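Listing of entry-v8.cif; format and content: mmCIF, C-alpha atoms.
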data_upload
loop_
_atom_site.label_atom_id
_atom_site.label_comp_id
_atom_site.auth_asym_id
_atom_site.auth_seq_id
_atom_site.Cartn_x
_atom_site.Cartn_y
_atom_site.Cartn_z
CA MET A 1 2.69 -44.97 40.77
CA PHE A 2 4.64 -41.81 40.00
CA ASN A 3 7.37 -40.01 41.89
CA ILE A 4 9.44 -36.95 41.13
CA SER A 5 12.39 -35.71 43.14
CA ARG A 6 15.15 -33.13 42.83
CA ASN A 7 18.71 -34.00 43.77
CA GLU A 8 21.28 -31.63 45.25
CA ASP A 9 23.01 -31.41 41.86
CA ASN A 10 19.75 -30.05 40.35
CA THR A 11 18.99 -33.30 38.52
CA VAL A 12 15.28 -34.10 38.50
CA VAL A 13 14.50 -37.82 38.73
CA LEU A 14 11.23 -39.17 37.31
CA GLU A 15 10.01 -42.56 38.46
CA GLY A 16 7.10 -44.78 37.44
CA ARG A 17 4.25 -43.60 35.23
CA LEU A 18 3.80 -39.94 34.21
CA ASP A 19 0.21 -39.82 32.98
CA ALA A 20 -2.58 -37.24 32.91
CA SER A 21 -3.47 -37.84 36.57
CA GLN A 22 0.12 -37.16 37.72
CA VAL A 23 0.84 -33.93 35.87
CA GLU A 24 0.05 -31.72 38.85
CA ALA A 25 2.55 -33.63 41.00
CA ALA A 26 5.20 -33.22 38.32
CA ALA A 27 4.43 -29.51 37.99
CA VAL A 28 5.18 -28.88 41.66
CA VAL A 29 8.84 -29.73 41.04
CA LEU A 30 9.21 -28.61 37.42
CA ASP A 31 7.61 -25.20 38.04
CA ALA A 32 10.26 -24.54 40.69
CA LEU A 33 13.16 -24.90 38.22
CA THR A 34 14.76 -21.58 37.33
CA THR A 35 18.02 -22.66 35.70
CA SER A 36 19.14 -25.24 33.14
CA SER A 37 18.45 -28.69 34.54
CA VAL A 38 18.86 -32.38 33.78
CA ILE A 39 15.82 -34.68 33.85
CA ASP A 40 16.73 -38.31 34.54
CA PHE A 41 14.32 -40.76 32.86
CA SER A 42 16.13 -43.95 33.91
CA LYS A 43 13.37 -44.93 36.36
CA LEU A 44 10.45 -43.71 34.26
CA ASP A 45 8.44 -46.52 32.64
CA TYR A 46 5.78 -44.53 30.83
CA ILE A 47 4.89 -41.08 29.59
CA SER A 48 1.85 -39.83 27.65
CA SER A 49 1.07 -36.53 25.95
CA ALA A 50 0.15 -35.03 29.32
CA GLY A 51 3.72 -35.63 30.50
CA LEU A 52 5.10 -34.23 27.26
CA GLY A 53 2.95 -31.16 27.84
CA ILE A 54 4.36 -30.31 31.26
CA LEU A 55 7.91 -30.79 29.95
CA LEU A 56 7.17 -28.53 26.96
CA LYS A 57 5.71 -25.90 29.27
CA THR A 58 8.85 -26.04 31.44
CA GLN A 59 11.15 -25.84 28.41
CA LYS A 60 9.26 -22.81 27.09
CA ARG A 61 9.52 -21.02 30.44
CA LEU A 62 13.20 -21.77 30.90
CA GLY A 63 13.95 -20.97 27.25
CA SER A 64 12.59 -17.45 27.64
CA ALA A 65 15.29 -16.94 30.29
CA GLY A 66 18.05 -18.50 28.18
CA GLN A 67 17.93 -21.79 30.09
CA SER A 68 17.00 -25.31 28.96
CA LEU A 69 16.30 -28.91 29.94
CA THR A 70 18.50 -31.90 29.10
CA LEU A 71 16.77 -35.27 29.15
CA ILE A 72 18.84 -38.37 29.90
CA HIS A 73 18.51 -42.16 30.07
CA MET A 74 15.17 -42.67 28.28
CA ASN A 75 14.03 -46.21 27.57
CA LYS A 76 13.34 -47.16 23.95
CA MET A 77 9.57 -46.72 24.06
CA ILE A 78 9.72 -43.28 25.65
CA ARG A 79 12.37 -42.25 23.13
CA ASP A 80 10.03 -43.42 20.34
CA VAL A 81 7.20 -41.32 21.78
CA PHE A 82 9.46 -38.25 21.79
CA ARG A 83 10.57 -38.97 18.21
CA ILE A 84 7.05 -39.43 16.84
CA ALA A 85 5.90 -36.26 18.64
CA ARG A 86 8.94 -34.46 17.10
CA PHE A 87 9.97 -33.56 20.63
CA ASP A 88 13.46 -34.82 19.85
CA LEU A 89 13.79 -31.58 17.86
CA ILE A 90 12.82 -29.48 20.89
CA PHE A 91 14.79 -31.08 23.70
CA LYS A 92 18.43 -32.03 24.11
CA ILE A 93 18.26 -35.79 24.66
CA GLU A 94 21.30 -37.77 25.77
CA MET B 1 -20.83 -54.92 34.89
CA ASN B 2 -17.63 -56.85 35.17
CA ARG B 3 -17.07 -59.60 32.65
CA ASP B 4 -13.93 -61.68 32.57
CA GLU B 5 -13.84 -64.27 29.83
CA SER B 6 -10.88 -66.14 28.44
CA LYS B 7 -10.01 -63.62 25.73
CA THR B 8 -12.25 -60.68 26.57
CA LEU B 9 -12.18 -58.32 29.53
CA GLU B 10 -14.63 -55.51 30.13
CA LEU B 11 -15.03 -52.86 32.82
CA ARG B 12 -16.85 -49.55 33.15
CA PHE B 13 -15.27 -46.42 34.57
CA PRO B 14 -16.65 -43.01 35.64
CA LYS B 15 -15.77 -40.09 33.33
CA ASP B 16 -13.10 -38.73 35.63
CA LEU B 17 -9.30 -38.51 35.47
CA ARG B 18 -9.25 -40.24 38.85
CA SER B 19 -10.42 -43.35 36.99
CA LEU B 20 -7.06 -43.58 35.22
CA GLU B 21 -5.41 -45.64 37.95
CA GLY B 22 -8.17 -48.23 37.60
CA VAL B 23 -7.94 -48.10 33.82
CA PHE B 24 -4.20 -48.81 33.99
CA SER B 25 -4.75 -51.71 36.40
CA PHE B 26 -7.36 -53.14 34.05
CA LEU B 27 -5.01 -52.84 31.06
CA ASP B 28 -2.03 -54.29 32.96
CA ARG B 29 -4.14 -57.28 33.94
CA PHE B 30 -5.28 -57.82 30.37
CA MET B 31 -1.80 -57.45 28.84
CA LYS B 32 -0.15 -59.78 31.35
CA GLY B 33 -2.97 -62.28 31.09
CA HIS B 34 -2.53 -62.51 27.34
CA ASP B 35 1.27 -62.38 27.11
CA VAL B 36 1.30 -59.08 25.25
CA ASN B 37 4.87 -57.79 24.96
CA ALA B 38 6.01 -54.52 26.51
CA GLU B 39 6.03 -52.47 23.30
CA PRO B 40 2.47 -53.14 22.05
CA ALA B 41 1.27 -52.97 25.67
CA TYR B 42 2.81 -49.49 26.04
CA ILE B 43 1.32 -48.29 22.76
CA MET B 44 -2.17 -49.52 23.57
CA THR B 45 -2.01 -48.15 27.13
CA LEU B 46 -0.98 -44.75 25.82
CA ALA B 47 -3.79 -44.75 23.24
CA VAL B 48 -6.42 -45.72 25.81
CA GLU B 49 -5.22 -42.97 28.17
CA GLU B 50 -5.29 -40.38 25.40
CA PHE B 51 -8.81 -41.24 24.22
CA PHE B 52 -10.19 -41.73 27.73
CA THR B 53 -8.74 -38.37 28.80
CA ASN B 54 -10.20 -36.79 25.68
CA ILE B 55 -13.66 -38.10 26.58
CA VAL B 56 -13.34 -36.80 30.14
CA LYS B 57 -12.21 -33.34 29.02
CA TYR B 58 -14.40 -32.69 26.00
CA ASP B 59 -17.59 -34.73 26.31
CA SER B 60 -20.45 -32.36 27.03
CA HIS B 61 -22.16 -35.09 29.08
CA LYS B 62 -20.00 -35.31 32.20
CA ASP B 63 -22.09 -37.95 33.89
CA GLY B 64 -22.17 -41.60 32.96
CA LEU B 65 -19.62 -44.30 32.47
CA VAL B 66 -17.11 -45.28 29.83
CA SER B 67 -16.99 -48.97 29.03
CA ILE B 68 -13.58 -50.38 28.10
CA ARG B 69 -13.60 -53.76 26.39
CA ALA B 70 -10.35 -55.55 25.61
CA LEU B 71 -10.16 -58.45 23.18
CA ARG B 72 -7.25 -60.73 22.28
CA GLU B 73 -7.49 -62.11 18.77
CA PRO B 74 -4.90 -64.08 16.83
CA GLY B 75 -2.14 -61.64 15.90
CA ARG B 76 -3.70 -58.54 17.41
CA ILE B 77 -5.33 -56.85 20.37
CA ILE B 78 -8.46 -54.71 20.11
CA ILE B 79 -9.74 -52.26 22.70
CA GLN B 80 -13.06 -50.46 22.46
CA LEU B 81 -14.05 -47.43 24.51
CA SER B 82 -17.79 -46.85 24.54
CA ASP B 83 -19.43 -43.72 25.92
CA GLU B 84 -23.13 -44.48 26.28
CA ASN B 85 -24.18 -40.87 26.79
CA SER B 86 -22.53 -38.73 24.15
CA ASP B 87 -23.11 -36.51 21.15
CA ARG B 88 -21.47 -37.36 17.83
CA PHE B 89 -17.89 -36.05 17.94
CA ASP B 90 -15.16 -37.89 16.09
CA VAL B 91 -12.12 -37.50 18.35
CA THR B 92 -9.91 -39.70 16.19
CA GLN B 93 -8.90 -36.95 13.73
CA SER B 94 -5.53 -35.29 14.30
CA ASN B 95 -2.85 -33.26 12.58
CA ALA B 96 0.90 -33.82 12.59
CA PRO B 97 2.99 -31.63 14.92
CA ARG B 98 4.17 -28.43 13.23
CA ASP B 99 7.96 -28.30 12.98
CA ASP B 100 7.82 -25.01 11.14
CA ILE B 101 6.65 -22.90 14.07
CA PRO B 102 8.82 -21.73 16.97
CA LEU B 103 8.90 -23.62 20.25
CA GLU B 104 7.01 -20.92 22.12
CA GLN B 105 4.06 -21.36 19.77
CA ARG B 106 3.90 -25.16 19.90
CA LYS B 107 0.77 -26.49 21.58
CA ILE B 108 0.08 -29.89 23.14
CA GLY B 109 -3.57 -30.12 22.06
CA GLY B 110 -4.23 -33.02 19.71
CA LEU B 111 -0.79 -34.52 20.21
CA GLY B 112 -2.02 -37.56 22.12
CA ILE B 113 -4.48 -38.49 19.38
CA TYR B 114 -1.78 -37.97 16.75
CA LEU B 115 0.60 -40.26 18.69
CA SER B 116 -2.11 -42.91 18.98
CA ASN B 117 -2.95 -42.74 15.28
CA GLN B 118 0.72 -43.09 14.38
CA MET B 119 1.48 -46.00 16.70
CA LEU B 120 -1.68 -48.09 16.28
CA ASP B 121 -2.61 -50.13 13.21
CA ASP B 122 -6.23 -49.00 13.09
CA VAL B 123 -8.40 -46.40 14.86
CA ARG B 124 -12.13 -46.17 14.15
CA TYR B 125 -15.01 -44.07 15.46
CA GLU B 126 -18.74 -44.70 15.26
CA HIS B 127 -21.78 -43.10 16.87
CA VAL B 128 -24.91 -45.22 17.12
CA ASN B 129 -27.94 -44.76 19.41
CA ASN B 130 -26.31 -41.98 21.42
CA THR B 131 -23.24 -44.14 22.02
CA SER B 132 -19.77 -43.21 20.77
CA THR B 133 -17.41 -46.12 20.27
CA ILE B 134 -13.71 -45.78 19.57
CA THR B 135 -12.02 -48.97 18.37
CA LEU B 136 -8.24 -49.27 18.73
CA VAL B 137 -6.29 -52.07 17.02
CA LYS B 138 -2.65 -53.03 17.53
CA ASN B 139 -1.15 -55.89 15.55
CA LEU B 140 1.27 -58.18 17.37
CA GLU B 141 4.48 -59.54 15.92
CA THR B 142 4.29 -63.26 15.29
#
Starting from the file, give its structure as C-alpha coordinates.
Amino acid sequence: MFNISRNEDNTVVLEGRLDASQVEAAAVVLDALTTSSVIDFSKLDYISSAGLGILLKTQKRLGSAGQSLTLIHMNKMIRDVFRIARFDLIFKIE
Amino acid sequence: MNRDESKTLELRFPKDLRSLEGVFSFLDRFMKGHDVNAEPAYIMTLAVEEFFTNIVKYDSHKDGLVSIRALREPGRIIIQLSDENSDRFDVTQSNAPRDDIPLEQRKIGGLGIYLSNQMLDDVRYEHVNNTSTITLVKNLET
(Lines of atoms letter the chains of each structure in order from A and count residues from 1; the text may use other names and numbers.)
(Lines give C-alpha, C1' and ligand atoms only; values in the text may rest on other atoms or scores of the structure.)
Protein backbone atom coordinates (compact mmCIF):
# COMPACT_ATOMS: atom_id res chain seq x y z
CA MET A 1 0.00 0.00 0.00
CA PHE A 2 1.29 3.45 -0.89
CA ASN A 3 -0.31 6.86 -0.70
CA ILE A 4 0.96 10.34 -1.44
CA SER A 5 -0.88 13.57 -0.72
CA ARG A 6 -0.18 17.29 -0.72
CA ASN A 7 -1.39 19.48 2.12
CA GLU A 8 -2.47 23.10 1.85
CA ASP A 9 0.85 24.21 3.39
CA ASN A 10 2.69 22.51 0.48
CA THR A 11 3.89 19.62 2.65
CA VAL A 12 3.88 16.31 0.77
CA VAL A 13 2.97 13.32 2.94
CA LEU A 14 4.22 9.84 1.99
CA GLU A 15 2.49 6.82 3.47
CA GLY A 16 3.16 3.08 3.33
CA ARG A 17 5.65 1.50 0.94
CA LEU A 18 7.36 3.46 -1.87
CA ASP A 19 8.71 0.73 -4.14
CA ALA A 20 9.35 0.32 -7.86
CA SER A 21 5.68 -0.36 -8.60
CA GLN A 22 4.56 2.89 -6.91
CA VAL A 23 6.97 5.36 -8.49
CA GLU A 24 4.49 6.52 -11.12
CA ALA A 25 1.93 7.36 -8.42
CA ALA A 26 4.56 9.34 -6.52
CA ALA A 27 5.61 11.16 -9.69
CA VAL A 28 2.10 12.51 -10.25
CA VAL A 29 2.43 14.63 -7.10
CA LEU A 30 6.18 15.26 -7.08
CA ASP A 31 6.27 16.37 -10.74
CA ALA A 32 3.71 19.06 -9.89
CA LEU A 33 5.97 20.73 -7.30
CA THR A 34 7.42 24.02 -8.53
CA THR A 35 8.71 25.58 -5.31
CA SER A 36 10.69 24.47 -2.26
CA SER A 37 8.69 21.83 -0.43
CA VAL A 38 8.72 19.64 2.66
CA ILE A 39 8.32 15.86 2.31
CA ASP A 40 6.93 14.23 5.46
CA PHE A 41 8.18 10.65 5.93
CA SER A 42 6.49 10.02 9.29
CA LYS A 43 3.99 7.56 7.77
CA LEU A 44 6.38 5.97 5.29
CA ASP A 45 7.50 2.46 6.27
CA TYR A 46 9.74 1.58 3.35
CA ILE A 47 11.64 3.06 0.44
CA SER A 48 13.88 1.40 -2.17
CA SER A 49 16.21 2.82 -4.82
CA ALA A 50 13.20 3.46 -7.08
CA GLY A 51 11.82 5.86 -4.47
CA LEU A 52 15.22 7.48 -4.04
CA GLY A 53 15.30 7.94 -7.81
CA ILE A 54 12.06 9.90 -8.06
CA LEU A 55 13.13 12.11 -5.13
CA LEU A 56 16.52 12.72 -6.79
CA LYS A 57 14.80 13.60 -10.06
CA THR A 58 12.55 16.07 -8.23
CA GLN A 59 15.49 17.61 -6.35
CA LYS A 60 17.41 18.06 -9.60
CA ARG A 61 14.46 19.77 -11.29
CA LEU A 62 13.75 22.07 -8.37
CA GLY A 63 17.46 22.79 -7.87
CA SER A 64 17.79 24.12 -11.40
CA ALA A 65 15.19 26.74 -10.41
CA GLY A 66 16.87 27.57 -7.11
CA GLN A 67 14.38 25.52 -5.09
CA SER A 68 14.85 22.40 -2.96
CA LEU A 69 13.24 19.61 -0.94
CA THR A 70 13.42 19.21 2.84
CA LEU A 71 12.79 15.70 4.14
CA ILE A 72 11.39 15.30 7.66
CA HIS A 73 10.52 12.59 10.19
CA MET A 74 12.29 9.57 8.63
CA ASN A 75 12.36 6.33 10.57
CA LYS A 76 15.75 4.81 11.40
CA MET A 77 15.84 2.29 8.57
CA ILE A 78 14.93 4.83 5.90
CA ARG A 79 17.52 7.22 7.31
CA ASP A 80 20.11 4.43 7.07
CA VAL A 81 19.19 3.83 3.43
CA PHE A 82 19.69 7.54 2.68
CA ARG A 83 23.02 7.53 4.53
CA ILE A 84 24.40 4.46 2.75
CA ALA A 85 23.27 5.86 -0.63
CA ARG A 86 25.02 9.15 0.32
CA PHE A 87 21.69 10.88 -0.23
CA ASP A 88 22.11 12.58 3.13
CA LEU A 89 24.66 14.75 1.31
CA ILE A 90 22.12 15.71 -1.36
CA PHE A 91 18.99 16.42 0.66
CA LYS A 92 18.30 18.56 3.69
CA ILE A 93 17.04 16.02 6.25
CA GLU A 94 15.48 17.11 9.52
CA MET B 1 4.65 -24.72 -7.37
CA ASN B 2 3.91 -23.56 -3.87
CA ARG B 3 5.84 -25.20 -1.09
CA ASP B 4 5.42 -24.22 2.53
CA GLU B 5 7.62 -26.14 4.92
CA SER B 6 8.53 -25.29 8.48
CA LYS B 7 11.65 -23.26 7.66
CA THR B 8 11.45 -22.92 3.89
CA LEU B 9 8.99 -21.02 1.73
CA GLU B 10 9.02 -20.95 -2.05
CA LEU B 11 6.88 -19.24 -4.68
CA ARG B 12 7.25 -18.40 -8.36
CA PHE B 13 6.40 -15.01 -9.83
CA PRO B 14 6.04 -13.70 -13.42
CA LYS B 15 8.83 -11.37 -14.59
CA ASP B 16 6.74 -8.24 -14.19
CA LEU B 17 6.82 -5.27 -11.80
CA ARG B 18 3.17 -6.02 -11.06
CA SER B 19 4.45 -9.12 -9.26
CA LEU B 20 6.03 -6.94 -6.58
CA GLU B 21 2.90 -6.79 -4.42
CA GLY B 22 2.85 -10.59 -4.30
CA VAL B 23 6.58 -10.71 -3.63
CA PHE B 24 6.15 -8.36 -0.65
CA SER B 25 3.26 -10.43 0.70
CA PHE B 26 5.38 -13.56 0.40
CA LEU B 27 8.29 -11.91 2.23
CA ASP B 28 6.06 -10.44 4.96
CA ARG B 29 4.60 -13.88 5.58
CA PHE B 30 8.04 -15.44 5.80
CA MET B 31 9.50 -12.76 8.09
CA LYS B 32 6.54 -12.80 10.48
CA GLY B 33 6.41 -16.57 10.48
CA HIS B 34 10.03 -16.78 11.55
CA ASP B 35 10.16 -13.87 14.01
CA VAL B 36 12.61 -11.88 11.92
CA ASN B 37 13.02 -8.39 13.39
CA ALA B 38 12.08 -5.24 11.51
CA GLU B 39 15.62 -4.20 10.54
CA PRO B 40 16.83 -7.43 8.88
CA ALA B 41 13.36 -7.85 7.36
CA TYR B 42 13.60 -4.38 5.78
CA ILE B 43 17.09 -5.04 4.46
CA MET B 44 16.18 -8.38 2.91
CA THR B 45 12.94 -6.99 1.43
CA LEU B 46 14.84 -4.13 -0.15
CA ALA B 47 17.46 -6.49 -1.60
CA VAL B 48 14.84 -8.83 -3.05
CA GLU B 49 13.00 -5.89 -4.65
CA GLU B 50 16.22 -4.52 -6.14
CA PHE B 51 17.33 -7.84 -7.65
CA PHE B 52 13.84 -8.84 -8.78
CA THR B 53 13.37 -5.43 -10.45
CA ASN B 54 16.78 -5.81 -12.06
CA ILE B 55 15.77 -9.17 -13.54
CA VAL B 56 12.51 -7.71 -14.86
CA LYS B 57 14.22 -4.71 -16.46
CA TYR B 58 17.38 -6.23 -17.90
CA ASP B 59 16.80 -9.92 -18.57
CA SER B 60 16.63 -10.43 -22.32
CA HIS B 61 14.15 -13.30 -21.79
CA LYS B 62 10.98 -11.50 -20.70
CA ASP B 63 8.89 -14.63 -20.44
CA GLY B 64 9.11 -17.17 -17.67
CA LEU B 65 9.00 -17.08 -13.93
CA VAL B 66 11.32 -16.12 -11.11
CA SER B 67 11.41 -18.54 -8.21
CA ILE B 68 11.94 -17.01 -4.77
CA ARG B 69 12.99 -19.41 -2.03
CA ALA B 70 13.30 -18.23 1.56
CA LEU B 71 15.13 -20.25 4.20
CA ARG B 72 15.49 -19.65 7.94
CA GLU B 73 18.68 -21.10 9.36
CA PRO B 74 20.12 -20.65 12.84
CA GLY B 75 21.41 -17.08 13.03
CA ARG B 76 20.57 -16.06 9.48
CA ILE B 77 18.03 -15.86 6.69
CA ILE B 78 18.79 -16.83 3.10
CA ILE B 79 16.76 -15.92 0.04
CA GLN B 80 17.44 -17.25 -3.44
CA LEU B 81 16.04 -15.78 -6.65
CA SER B 82 16.24 -18.21 -9.56
CA ASP B 83 15.53 -17.24 -13.16
CA GLU B 84 15.16 -20.46 -15.11
CA ASN B 85 15.38 -18.83 -18.53
CA SER B 86 18.32 -16.46 -18.57
CA ASP B 87 21.71 -15.74 -20.08
CA ARG B 88 24.75 -15.41 -17.84
CA PHE B 89 24.76 -11.87 -16.44
CA ASP B 90 26.14 -11.21 -12.99
CA VAL B 91 23.91 -8.46 -11.62
CA THR B 92 25.53 -8.47 -8.20
CA GLN B 93 28.43 -6.16 -9.13
CA SER B 94 28.08 -2.50 -8.21
CA ASN B 95 30.07 0.67 -7.64
CA ALA B 96 29.83 3.11 -4.74
CA PRO B 97 27.89 6.35 -5.33
CA ARG B 98 30.12 9.15 -6.61
CA ASP B 99 30.26 12.05 -4.15
CA ASP B 100 32.70 13.91 -6.35
CA ILE B 101 30.26 14.72 -9.14
CA PRO B 102 27.56 17.41 -9.03
CA LEU B 103 23.98 16.56 -8.14
CA GLU B 104 22.72 17.11 -11.67
CA GLN B 105 25.04 14.37 -12.92
CA ARG B 106 24.20 11.78 -10.27
CA LYS B 107 22.41 8.73 -11.65
CA ILE B 108 20.25 6.15 -9.87
CA GLY B 109 21.38 3.16 -11.95
CA GLY B 110 23.16 0.52 -9.88
CA LEU B 111 22.28 2.16 -6.59
CA GLY B 112 19.86 -0.57 -5.49
CA ILE B 113 22.46 -3.29 -6.00
CA TYR B 114 25.05 -1.19 -4.16
CA LEU B 115 22.63 -0.72 -1.23
CA SER B 116 21.94 -4.46 -1.14
CA ASN B 117 25.62 -5.36 -1.21
CA GLN B 118 26.33 -2.92 1.63
CA MET B 119 23.47 -4.03 3.87
CA LEU B 120 23.59 -7.80 3.38
CA ASP B 121 26.25 -10.15 4.75
CA ASP B 122 26.70 -12.13 1.54
CA VAL B 123 25.52 -11.87 -2.08
CA ARG B 124 26.39 -14.58 -4.61
CA TYR B 125 25.59 -15.22 -8.27
CA GLU B 126 25.79 -18.44 -10.24
CA HIS B 127 24.61 -19.51 -13.69
CA VAL B 128 24.06 -23.22 -14.26
CA ASN B 129 22.00 -24.95 -16.98
CA ASN B 130 20.50 -21.70 -18.26
CA THR B 131 19.41 -20.76 -14.73
CA SER B 132 20.70 -17.68 -12.91
CA THR B 133 20.56 -17.88 -9.15
CA ILE B 134 21.19 -14.95 -6.82
CA THR B 135 21.71 -15.91 -3.17
CA LEU B 136 21.17 -13.24 -0.51
CA VAL B 137 22.26 -13.79 3.10
CA LYS B 138 21.45 -11.65 6.14
CA ASN B 139 22.81 -12.61 9.55
CA LEU B 140 20.51 -12.11 12.53
CA GLU B 141 21.57 -10.75 15.88
CA THR B 142 21.49 -13.40 18.58
For the structure shown, which residues end up in the PyMOL selection byres ((chain A) within 6 of (chain B))? Put them as a list of chain:residue names, please?
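Selected by the PyMOL selection byres ((chain A) within 6 of (chain B)) in this file: A:Ser21, A:Ser48, A:Ser49, A:Gly53, A:Lys60.
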Coordinates-based distance that separates CA of Thr92 in chain B from CA of Asp28 in chain B (Å, one decimal)
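Taking CA of Asp28 in chain B as the start and CA of Thr92 in chain B as the end point, the length is 23.6 Å.
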Return as a ChimeraX atom specification the set of residues that the PyMOL selection byres ((chain B and resi 77-87) around 8) yields on the displayed structure.
/B:48,52,59-61,63-73,75-76,88-89,127,130-140
State, in Å with one decimal place, the distance from CA of Lys15 in chain B to CA of Glu15 in chain A.
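CA of Glu15 in chain A lies at a distance of 26.4 Å from CA of Lys15 in chain B.
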Shortest interatomic distance to Pro74 in chain B - which of B:Lys7, B:Ala41, B:Glu126, B:Ile101, counting all atoms listed in the file
B:Lys7
In Å to one decimal, how far is CA of Ala25 in chain A from CA of Thr11 in chain A?
16.6 Å
Suppose a student applies the PyMOL selection byres ((chain A and resi 76-90) around 7) to this structure; what residues should they get, written as an MDAnalysis selection string?
(chainID A and resid 46:47 74:75 91:93) or (chainID B and resid 39 97 115)
Name all residues at most 12 Å from range 57-59 of chain A (count all atoms listed in the file; drop same-chain ones fewer than 3 positions away) and give them as a ChimeraX atom specification.
/A:23,26-39,50-54,62-71,87,90-92 /B:103-108
Selected residue of minimal separation from Ile72 in chain A among A:Glu94, A:Arg6, A:Leu56, A:Gln22, counting all atoms listed in the file
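Using all atoms listed in the file, Ile72 in chain A sits closest to A:Glu94.
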Could you list, as JSON, numbers by chain, every residue within 10 Å of Phe30 in chain B, counting all atoms listed in the file and ignoring same-chain residues fewer than 3 positions away?
{"B": [4, 7, 8, 9, 10, 24, 25, 26, 27, 33, 34, 35, 36, 41, 70, 71, 72]}
Add whatever atoms are absent from range 88-121 of chain B to reach N, CA and C atoms, and provide the output as a short mmCIF file (atom, residue, chain, number, x, y, z; two decimals), in the coordinates of the input.
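The resulting file, rebuild.cif, is reproduced below:
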data_model
loop_
_atom_site.label_atom_id
_atom_site.label_comp_id
_atom_site.auth_asym_id
_atom_site.auth_seq_id
_atom_site.Cartn_x
_atom_site.Cartn_y
_atom_site.Cartn_z
N ARG B 88 -22.42 -36.94 18.85
CA ARG B 88 -21.47 -37.36 17.83
C ARG B 88 -20.29 -36.38 17.79
N PHE B 89 -19.10 -36.88 18.03
CA PHE B 89 -17.89 -36.05 17.94
C PHE B 89 -16.71 -36.99 17.70
N ASP B 90 -16.24 -36.97 16.47
CA ASP B 90 -15.16 -37.89 16.09
C ASP B 90 -13.83 -37.35 16.63
N VAL B 91 -13.35 -37.97 17.70
CA VAL B 91 -12.12 -37.50 18.35
C VAL B 91 -10.88 -38.14 17.74
N THR B 92 -11.07 -38.95 16.70
CA THR B 92 -9.91 -39.70 16.19
C THR B 92 -9.11 -38.91 15.16
N GLN B 93 -9.62 -37.74 14.74
CA GLN B 93 -8.90 -36.95 13.73
C GLN B 93 -7.80 -36.13 14.38
N SER B 94 -6.64 -36.06 13.73
CA SER B 94 -5.53 -35.29 14.30
C SER B 94 -4.61 -34.81 13.20
N ASN B 95 -3.84 -33.79 13.52
CA ASN B 95 -2.85 -33.26 12.58
C ASN B 95 -1.45 -33.52 13.11
N ALA B 96 -0.49 -33.61 12.19
CA ALA B 96 0.90 -33.82 12.59
C ALA B 96 1.43 -32.59 13.31
N PRO B 97 2.38 -32.78 14.25
CA PRO B 97 2.99 -31.63 14.92
C PRO B 97 3.66 -30.71 13.90
N ARG B 98 3.59 -29.42 14.14
CA ARG B 98 4.17 -28.43 13.23
C ARG B 98 5.63 -28.18 13.62
N ASP B 99 6.54 -28.56 12.73
CA ASP B 99 7.96 -28.30 12.98
C ASP B 99 8.36 -26.90 12.54
N ASP B 100 7.45 -26.27 11.76
CA ASP B 100 7.82 -25.01 11.14
C ASP B 100 7.46 -23.80 11.99
N ILE B 101 6.96 -24.04 13.21
CA ILE B 101 6.65 -22.90 14.07
C ILE B 101 7.57 -22.95 15.29
N PRO B 102 7.88 -21.78 15.85
CA PRO B 102 8.82 -21.73 16.97
C PRO B 102 8.29 -22.47 18.20
N LEU B 103 9.23 -22.86 19.04
CA LEU B 103 8.90 -23.62 20.25
C LEU B 103 7.82 -22.94 21.07
N GLU B 104 7.94 -21.61 21.23
CA GLU B 104 7.01 -20.92 22.12
C GLU B 104 5.57 -20.94 21.60
N GLN B 105 5.42 -21.30 20.32
CA GLN B 105 4.06 -21.36 19.77
C GLN B 105 3.53 -22.79 19.66
N ARG B 106 4.36 -23.78 19.98
CA ARG B 106 3.90 -25.16 19.90
C ARG B 106 2.85 -25.41 20.97
N LYS B 107 1.82 -26.16 20.62
CA LYS B 107 0.77 -26.49 21.58
C LYS B 107 0.66 -28.00 21.69
N ILE B 108 0.14 -28.46 22.86
CA ILE B 108 0.08 -29.89 23.14
C ILE B 108 -1.25 -30.49 22.68
N GLY B 109 -2.24 -29.63 22.44
CA GLY B 109 -3.57 -30.12 22.06
C GLY B 109 -3.54 -30.98 20.81
N GLY B 110 -4.17 -32.13 20.86
CA GLY B 110 -4.23 -33.02 19.71
C GLY B 110 -3.05 -33.95 19.57
N LEU B 111 -1.99 -33.69 20.36
CA LEU B 111 -0.79 -34.52 20.21
C LEU B 111 -1.03 -35.96 20.60
N GLY B 112 -1.79 -36.20 21.67
CA GLY B 112 -2.02 -37.56 22.12
C GLY B 112 -2.76 -38.40 21.09
N ILE B 113 -3.74 -37.77 20.41
CA ILE B 113 -4.48 -38.49 19.38
C ILE B 113 -3.57 -38.75 18.18
N TYR B 114 -2.73 -37.76 17.85
CA TYR B 114 -1.78 -37.97 16.75
C TYR B 114 -0.83 -39.14 17.07
N LEU B 115 -0.30 -39.16 18.29
CA LEU B 115 0.60 -40.26 18.69
C LEU B 115 -0.11 -41.60 18.55
N SER B 116 -1.35 -41.66 19.03
CA SER B 116 -2.11 -42.91 18.98
C SER B 116 -2.33 -43.35 17.53
N ASN B 117 -2.72 -42.41 16.69
CA ASN B 117 -2.95 -42.74 15.28
C ASN B 117 -1.68 -43.25 14.60
N GLN B 118 -0.55 -42.68 14.98
CA GLN B 118 0.72 -43.09 14.38
C GLN B 118 1.18 -44.46 14.86
N MET B 119 0.90 -44.79 16.11
CA MET B 119 1.48 -46.00 16.70
C MET B 119 0.56 -47.21 16.61
N LEU B 120 -0.74 -46.97 16.42
CA LEU B 120 -1.68 -48.09 16.28
C LEU B 120 -1.82 -48.50 14.82
N ASP B 121 -2.40 -49.67 14.58
CA ASP B 121 -2.61 -50.13 13.21
C ASP B 121 -3.98 -49.73 12.67
#
